[in-house]
>>> print(open('final.tsv').read())   # TSV, C-alpha atoms
chain	number	residue	atom	x	y	z
A	11	MET	CA	51.17	124.97	74.52
A	12	PHE	CA	53.03	125.29	71.20
A	13	SER	CA	52.13	128.98	70.96
A	14	ASP	CA	54.46	129.50	73.93
A	15	PHE	CA	57.30	127.53	72.30
A	16	SER	CA	60.58	128.80	73.74
A	17	LEU	CA	63.97	127.77	75.05
A	18	ASP	CA	62.34	127.17	78.44
A	19	PHE	CA	59.94	124.74	76.82
A	20	ILE	CA	62.82	122.88	75.13
A	21	ILE	CA	64.90	122.61	78.32
A	22	PHE	CA	62.19	121.99	80.92
A	23	GLY	CA	59.46	120.48	78.76
A	24	ILE	CA	61.24	118.31	76.18
A	25	MET	CA	64.77	117.71	77.45
A	26	PRO	CA	63.75	115.76	80.59
A	27	TYR	CA	62.02	113.10	78.47
A	28	VAL	CA	64.87	112.94	75.96
A	29	ALA	CA	67.44	112.62	78.76
A	30	LEU	CA	65.50	109.89	80.59
A	31	THR	CA	64.93	107.93	77.37
A	32	VAL	CA	68.60	108.09	76.39
A	33	LEU	CA	69.58	107.17	79.94
A	34	VAL	CA	67.53	103.96	79.96
A	35	VAL	CA	67.91	102.86	76.33
A	36	GLY	CA	71.56	103.91	76.05
A	37	THR	CA	72.61	102.17	79.26
A	38	ILE	CA	70.91	98.91	78.27
A	39	ALA	CA	72.30	99.10	74.72
A	40	ARG	CA	75.84	99.70	75.98
A	41	TYR	CA	75.61	96.73	78.33
A	42	GLU	CA	74.30	94.46	75.57
A	43	ARG	CA	76.72	95.67	72.91
A	44	ASP	CA	79.90	96.43	74.89
A	45	PRO	CA	79.57	94.80	78.34
A	46	TYR	CA	83.30	95.08	79.05
A	47	THR	CA	83.09	98.87	78.83
A	48	TRP	CA	80.19	99.01	81.30
A	49	LYS	CA	82.50	100.03	84.12
A	50	SER	CA	84.88	102.70	85.37
A	51	SER	CA	88.39	102.48	83.92
A	52	SER	CA	90.97	102.65	86.67
A	53	SER	CA	94.24	104.56	86.99
A	54	GLN	CA	94.68	103.71	90.66
A	55	LEU	CA	98.35	102.75	90.31
A	56	LEU	CA	99.22	106.38	89.53
A	57	ARG	CA	99.26	108.98	92.35
A	58	ARG	CA	97.27	106.58	94.49
A	59	LYS	CA	97.21	108.72	97.66
A	60	GLN	CA	95.57	111.67	95.92
A	61	LEU	CA	93.17	109.32	94.15
A	62	ILE	CA	92.01	107.70	97.38
A	63	MET	CA	91.51	110.98	99.26
A	64	GLY	CA	89.81	112.73	96.35
A	65	SER	CA	87.70	109.68	95.49
A	66	VAL	CA	86.43	109.23	99.05
A	67	LEU	CA	85.51	112.90	99.41
A	68	PHE	CA	83.90	113.00	95.98
A	69	HIS	CA	81.87	109.81	96.31
A	70	VAL	CA	80.65	110.48	99.85
A	71	GLY	CA	79.64	114.00	98.91
A	72	ILE	CA	78.11	113.24	95.52
A	73	LEU	CA	76.09	110.26	96.77
A	74	THR	CA	74.70	112.37	99.62
A	75	VAL	CA	73.79	115.12	97.16
A	76	PHE	CA	72.27	112.65	94.68
A	77	PHE	CA	70.05	110.80	97.13
A	78	GLY	CA	69.20	114.06	98.88
A	79	HIS	CA	67.95	115.48	95.58
A	80	LEU	CA	66.13	112.25	94.83
A	81	ALA	CA	64.29	112.24	98.15
A	82	GLY	CA	63.80	116.00	98.24
A	83	LEU	CA	62.35	116.34	94.75
A	84	PHE	CA	60.25	113.21	94.53
A	85	THR	CA	58.72	113.03	98.00
A	86	PRO	CA	55.08	114.06	97.47
A	87	VAL	CA	54.17	117.33	99.13
A	88	TRP	CA	51.20	115.66	100.82
A	89	VAL	CA	53.65	113.38	102.69
A	90	LEU	CA	55.30	116.43	104.25
A	91	ASP	CA	51.87	117.77	105.18
A	92	ALA	CA	50.76	114.42	106.62
A	93	LEU	CA	53.91	114.15	108.75
A	94	GLY	CA	53.62	117.75	109.84
A	95	ILE	CA	57.07	118.68	108.51
A	96	PRO	CA	57.28	122.45	107.96
A	97	TYR	CA	58.51	123.47	104.52
A	98	ALA	CA	61.01	125.85	106.11
A	99	LEU	CA	62.53	122.98	108.13
A	100	LYS	CA	62.99	120.88	105.01
A	101	GLN	CA	64.51	123.89	103.27
A	102	TRP	CA	67.04	124.43	106.07
A	103	LEU	CA	67.87	120.72	106.06
A	104	ALA	CA	68.52	120.87	102.32
A	105	VAL	CA	70.76	123.92	102.70
A	106	LEU	CA	72.81	122.58	105.62
A	107	VAL	CA	73.14	118.92	104.62
A	108	GLY	CA	73.16	119.50	100.87
A	109	GLY	CA	75.51	122.45	101.13
A	110	THR	CA	78.00	120.53	103.29
A	111	ALA	CA	77.87	117.48	101.02
A	112	GLY	CA	78.25	119.71	97.97
A	113	ILE	CA	81.40	121.33	99.38
A	114	VAL	CA	82.88	117.92	100.23
A	115	ALA	CA	82.08	116.62	96.73
A	116	LEU	CA	83.52	119.75	95.10
A	117	ILE	CA	86.79	119.40	97.02
A	118	GLY	CA	87.02	115.75	95.98
A	119	ALA	CA	86.18	116.54	92.36
A	120	THR	CA	88.81	119.29	92.32
A	121	MET	CA	91.45	116.85	93.54
A	122	LEU	CA	90.47	114.24	90.96
A	123	LEU	CA	90.36	116.78	88.15
A	124	HIS	CA	93.73	118.25	89.17
A	125	ARG	CA	95.19	114.74	89.21
A	126	ARG	CA	93.96	114.01	85.68
A	127	LEU	CA	95.01	117.31	84.19
A	128	THR	CA	98.45	117.79	85.76
A	129	ASP	CA	99.93	114.29	85.70
A	130	PRO	CA	101.16	113.53	82.14
A	131	ARG	CA	100.79	109.76	82.61
A	132	ILE	CA	97.21	109.99	83.84
A	133	ARG	CA	96.38	112.60	81.22
A	134	ALA	CA	97.66	110.20	78.53
A	135	THR	CA	95.38	107.41	79.78
A	136	SER	CA	92.33	109.67	80.16
A	137	SER	CA	89.82	110.00	77.36
A	138	PHE	CA	88.09	113.21	76.36
A	139	ALA	CA	84.91	111.82	77.93
A	140	ASP	CA	86.70	111.12	81.23
A	141	ILE	CA	87.91	114.70	81.60
A	142	GLY	CA	84.78	116.21	80.09
A	143	VAL	CA	82.25	114.51	82.38
A	144	LEU	CA	84.35	115.19	85.50
A	145	SER	CA	84.62	118.85	84.50
A	146	LEU	CA	80.87	118.96	83.93
A	147	ILE	CA	80.18	117.47	87.36
A	148	TRP	CA	82.63	119.94	88.93
A	149	LEU	CA	80.76	122.82	87.29
A	150	GLN	CA	77.40	121.36	88.35
A	151	LEU	CA	78.54	121.15	91.97
A	152	LEU	CA	79.74	124.75	91.87
A	153	ILE	CA	76.47	126.01	90.37
A	154	GLY	CA	74.53	123.96	92.91
A	155	LEU	CA	76.38	125.64	95.76
A	156	LEU	CA	75.78	129.06	94.21
A	157	THR	CA	72.02	128.39	94.14
A	158	ILE	CA	72.12	128.43	97.95
A	159	THR	CA	72.50	132.22	97.72
A	160	GLN	CA	69.05	132.30	96.11
A	161	THR	CA	67.55	129.63	98.33
A	162	LEU	CA	68.38	131.66	101.45
A	163	GLN	CA	66.09	134.36	100.09
A	164	HIS	CA	63.13	131.94	99.96
A	165	MET	CA	63.35	130.05	103.23
A	166	ASP	CA	59.57	129.73	103.44
A	167	GLY	CA	59.90	126.70	101.16
A	168	ALA	CA	57.82	128.10	98.29
A	169	GLU	CA	60.56	127.63	95.69
A	170	MET	CA	61.29	124.16	97.02
A	171	VAL	CA	57.66	123.13	96.58
A	172	ARG	CA	57.71	124.54	93.06
A	173	PHE	CA	60.68	122.35	92.06
A	174	MET	CA	59.12	119.34	93.76
A	175	THR	CA	55.89	119.86	91.84
A	176	TRP	CA	57.79	120.30	88.54
A	177	SER	CA	59.85	117.13	89.03
A	178	GLN	CA	56.86	115.02	89.97
A	179	SER	CA	54.80	116.48	87.13
A	180	VAL	CA	57.51	115.49	84.63
A	181	VAL	CA	57.45	111.82	85.66
A	182	THR	CA	53.65	111.80	85.56
A	183	TRP	CA	53.72	113.11	81.97
A	184	ASN	CA	52.27	116.53	82.64
A	185	LEU	CA	53.34	118.27	79.42
A	186	ASN	CA	52.65	121.70	80.91
A	187	ALA	CA	55.02	121.14	83.84
A	188	TRP	CA	57.69	123.31	82.21
A	189	ALA	CA	55.61	126.42	82.82
A	190	MET	CA	56.14	126.04	86.58
A	191	VAL	CA	59.83	126.96	86.40
A	192	VAL	CA	60.04	129.54	83.62
A	193	ASP	CA	60.42	132.48	86.01
A	194	VAL	CA	62.90	131.04	88.52
A	195	HIS	CA	66.39	132.50	88.89
A	196	TRP	CA	68.84	131.69	86.08
A	197	LEU	CA	71.14	129.84	88.49
A	198	TYR	CA	68.36	127.32	89.14
A	199	LYS	CA	67.75	126.99	85.40
A	200	LEU	CA	71.43	126.39	84.69
A	201	HIS	CA	71.58	123.83	87.51
A	202	ILE	CA	68.63	121.92	86.07
A	203	PHE	CA	70.03	122.10	82.54
A	204	LEU	CA	73.42	120.73	83.60
A	205	GLY	CA	71.70	117.96	85.55
A	206	LEU	CA	69.73	116.94	82.47
A	207	LEU	CA	72.86	117.15	80.30
A	208	ILE	CA	74.76	114.84	82.67
A	209	THR	CA	71.79	112.43	82.59
A	210	LEU	CA	71.88	112.54	78.80
A	211	LEU	CA	75.61	111.72	78.70
A	212	PHE	CA	75.42	109.07	81.42
A	213	PRO	CA	75.36	105.95	79.19
A	214	PHE	CA	78.37	107.08	77.15
A	215	THR	CA	80.78	107.81	80.00
A	216	ARG	CA	82.36	106.13	83.01
A	217	LEU	CA	79.33	107.22	85.06
A	218	VAL	CA	77.75	103.85	84.26
A	219	HIS	CA	79.85	102.41	87.08
A	220	MET	CA	77.19	103.87	89.40
A	221	ILE	CA	75.11	100.90	88.22
A	222	SER	CA	77.85	98.36	87.60
A	223	ALA	CA	79.45	98.85	91.03
A	224	PRO	CA	76.50	97.55	93.08
A	225	ILE	CA	75.35	95.05	90.42
A	226	ARG	CA	78.40	93.56	88.72
A	227	TYR	CA	81.15	94.04	91.27
A	228	LEU	CA	79.31	92.41	94.18
A	229	TRP	CA	78.27	89.33	92.22
A	230	ARG	CA	81.09	89.05	89.72
A	231	PRO	CA	82.78	85.61	89.44
A	232	GLY	CA	86.07	85.30	91.27
A	233	TYR	CA	89.22	85.56	89.21
A	234	GLN	CA	92.81	86.61	89.71
A	235	VAL	CA	95.25	88.19	87.30
A	236	VAL	CA	98.72	86.64	87.72
A	237	ARG	CA	101.89	88.11	86.20
A	238	SER	CA	104.34	85.39	85.19
A	239	ARG	CA	108.02	85.67	86.14
A	240	ARG	CA	109.03	83.52	83.17
A	241	GLN	CA	111.84	85.18	81.24
A	242	VAL	CA	111.30	83.18	78.05
A	243	PRO	CA	107.89	83.15	76.34
A	244	LEU	CA	106.02	79.92	77.00
A	245	SER	CA	105.82	79.09	73.28
A	246	SER	CA	109.63	79.32	72.94
A	247	ALA	CA	110.21	77.22	76.02
A	248	LYS	CA	108.00	74.43	74.71
A	249	ALA	CA	109.84	74.49	71.39
A	250	ASP	CA	113.17	73.79	73.17
A	251	VAL	CA	111.83	70.71	74.99
A	252	PRO	CA	112.87	67.40	73.26
A	253	ALA	CA	110.00	65.38	71.84
A	254	ASN	CA	110.54	62.47	74.28
A	255	THR	CA	110.71	64.75	77.33
A	256	PRO	CA	107.43	65.06	79.20
A	257	ALA	CA	106.25	68.61	79.62
A	258	GLU	CA	105.92	70.04	83.11
>>> encode(input="final.tsv", output="structure tokens")
Amino acid sequence: MFSDFSLDFIIFGIMPYVALTVLVVGTIARYERDPYTWKSSSSQLLRRKQLIMGSVLFHVGILTVFFGHLAGLFTPVWVLDALGIPYALKQWLAVLVGGTAGIVALIGATMLLHRRLTDPRIRATSSFADIGVLSLIWLQLLIGLLTITQTLQHMDGAEMVRFMTWSQSVVTWNLNAWAMVVDVHWLYKLHIFLGLLITLLFPFTRLVHMISAPIRYLWRPGYQVVRSRRQVPLSSAKADVPANTPAE
């Protein structure tokens, strides 16, 4: 194995385990150390219309792509065989559904990125990580759509089965799994690399709200932020009240 040490081995043999470890440990550590940052910072008061439209398109598209990849890559091949689902049918489903969702997500991401980069107020409240991770996701969506040009040349499902086998071999600790994808097209390699890089950065960015949204937001305690209309600070007002006058 080590005699064949190469960049492919680093990316497809080592990086998946590093990314998954950082994902789990980093997310837990961030929640334990800085629980109030375990969320998505909001700028919804600025250019709200563009935010809502872009956010809806982005989230609908990206969630469809994410769960489509999850089901597509980690469904055992024997399940497809047992159900009698032709590989070509699954491949067409991935192209049509995944391609449509990818386009929707890319449009939404473009709107959100344009909003952050062109509005001075939003740009001032955006961190380097905010802009960086959104740009990375935008690029990942674009590369993912470009891989369709290669997928259409292998509609028999052979490449699909190869990626399924690689993904499932990684989670079952097959250290030679990387050799299954060394000769695929460079667009596929770049797509996998960017996916692993996003996974690696996940705990350190606003992406953690993917976990906090369904966990913390649904069961968070009720509270309300109230803005006082008092013109004089409360401490000054109390100081002006005579000692024998009961406070309100």
>>> residues_around(input="final.tsv", residues="Val35 of chain A", least_positions_apart="5", cutoff="9 Å", atoms="all atoms listed in the file", output="ChimeraX atom specification")
/A:30,40,213
>>> write_last_selection(input="final.tsv", atoms="C-alpha atoms", output="tab-separated table (two decimals), in the coordinates of the input")
chain	number	residue	atom	x	y	z
A	30	LEU	CA	65.50	109.89	80.59
A	40	ARG	CA	75.84	99.70	75.98
A	213	PRO	CA	75.36	105.95	79.19
>>> atom_distance(input="final.tsv", atom1="atom CA of Leu200 of chain A", atom2="atom CA of Gly154 of chain A")
9.1 Å
>>> closest_atom_pairs(input="final.tsv", of="segment 83-122 of chain A", to="segment 144-150 of chain A", cutoff="8 Å", atoms="only C-alpha atoms", output="JSON lines")
{"residue": "A:Leu116", "atom": "CA", "partner": "A:Trp148", "partner_atom": "CA", "distance": 6.2}
{"residue": "A:Ala119", "atom": "CA", "partner": "A:Trp148", "partner_atom": "CA", "distance": 6.0}
{"residue": "A:Thr120", "atom": "CA", "partner": "A:Trp148", "partner_atom": "CA", "distance": 7.1}
>>> residues_around(input="final.tsv", residues="His79 of chain A", least_positions_apart="2", cutoff="12 Å", atoms="all atoms listed in the file", output="count of residues only")
28
>>> closest_residue(input="final.tsv", among="A:Leu151, A:Ile221, A:Leu207, A:Leu99", to="Met25 of chain A", atoms="all atoms listed in the file")
A:Leu207
>>> atom_distance(input="final.tsv", atom1="atom CA of Glu42 of chain A", atom2="atom CA of Ala139 of chain A")
20.5 Å
>>> closest_residue(input="final.tsv", among="A:Ala92, A:Leu152, A:Leu211, A:Thr182", to="Asp140 of chain A", atoms="only C-alpha atoms")
A:Leu211
>>> atom_distance(input="final.tsv", atom1="atom CA of His201 of chain A", atom2="atom CA of Leu155 of chain A")
9.7 Å
>>> residues_near_point(input="final.tsv", point="(95.8, 110.5, 84.5)", cutoff="9 Å", atoms="only C-alpha atoms", output="ChimeraX atom specification")
/A:53,56-57,125-136
>>> residues_around(input="final.tsv", residues="Gly23 of chain A", least_positions_apart="4", cutoff="9 Å", atoms="only C-alpha atoms", output="CSV table (one decimal) with C-alpha atoms, in the coordinates of the input")
chain,number,residue,atom,x,y,z
A,18,ASP,CA,62.3,127.2,78.4
A,19,PHE,CA,59.9,124.7,76.8
A,27,TYR,CA,62.0,113.1,78.5
A,180,VAL,CA,57.5,115.5,84.6
A,185,LEU,CA,53.3,118.3,79.4
A,186,ASN,CA,52.6,121.7,80.9
A,187,ALA,CA,55.0,121.1,83.8
A,188,TRP,CA,57.7,123.3,82.2
A,189,ALA,CA,55.6,126.4,82.8
>>> axis_aligned_box(input="final.tsv", around="segment 208-212 of chain A", padding_each_side="6 Å", output="lines of an AutoDock Vina configuration file")
center_x = 73.7
center_y = 112.0
center_z = 80.7
size_x = 15.8
size_y = 17.8
size_z = 16.0
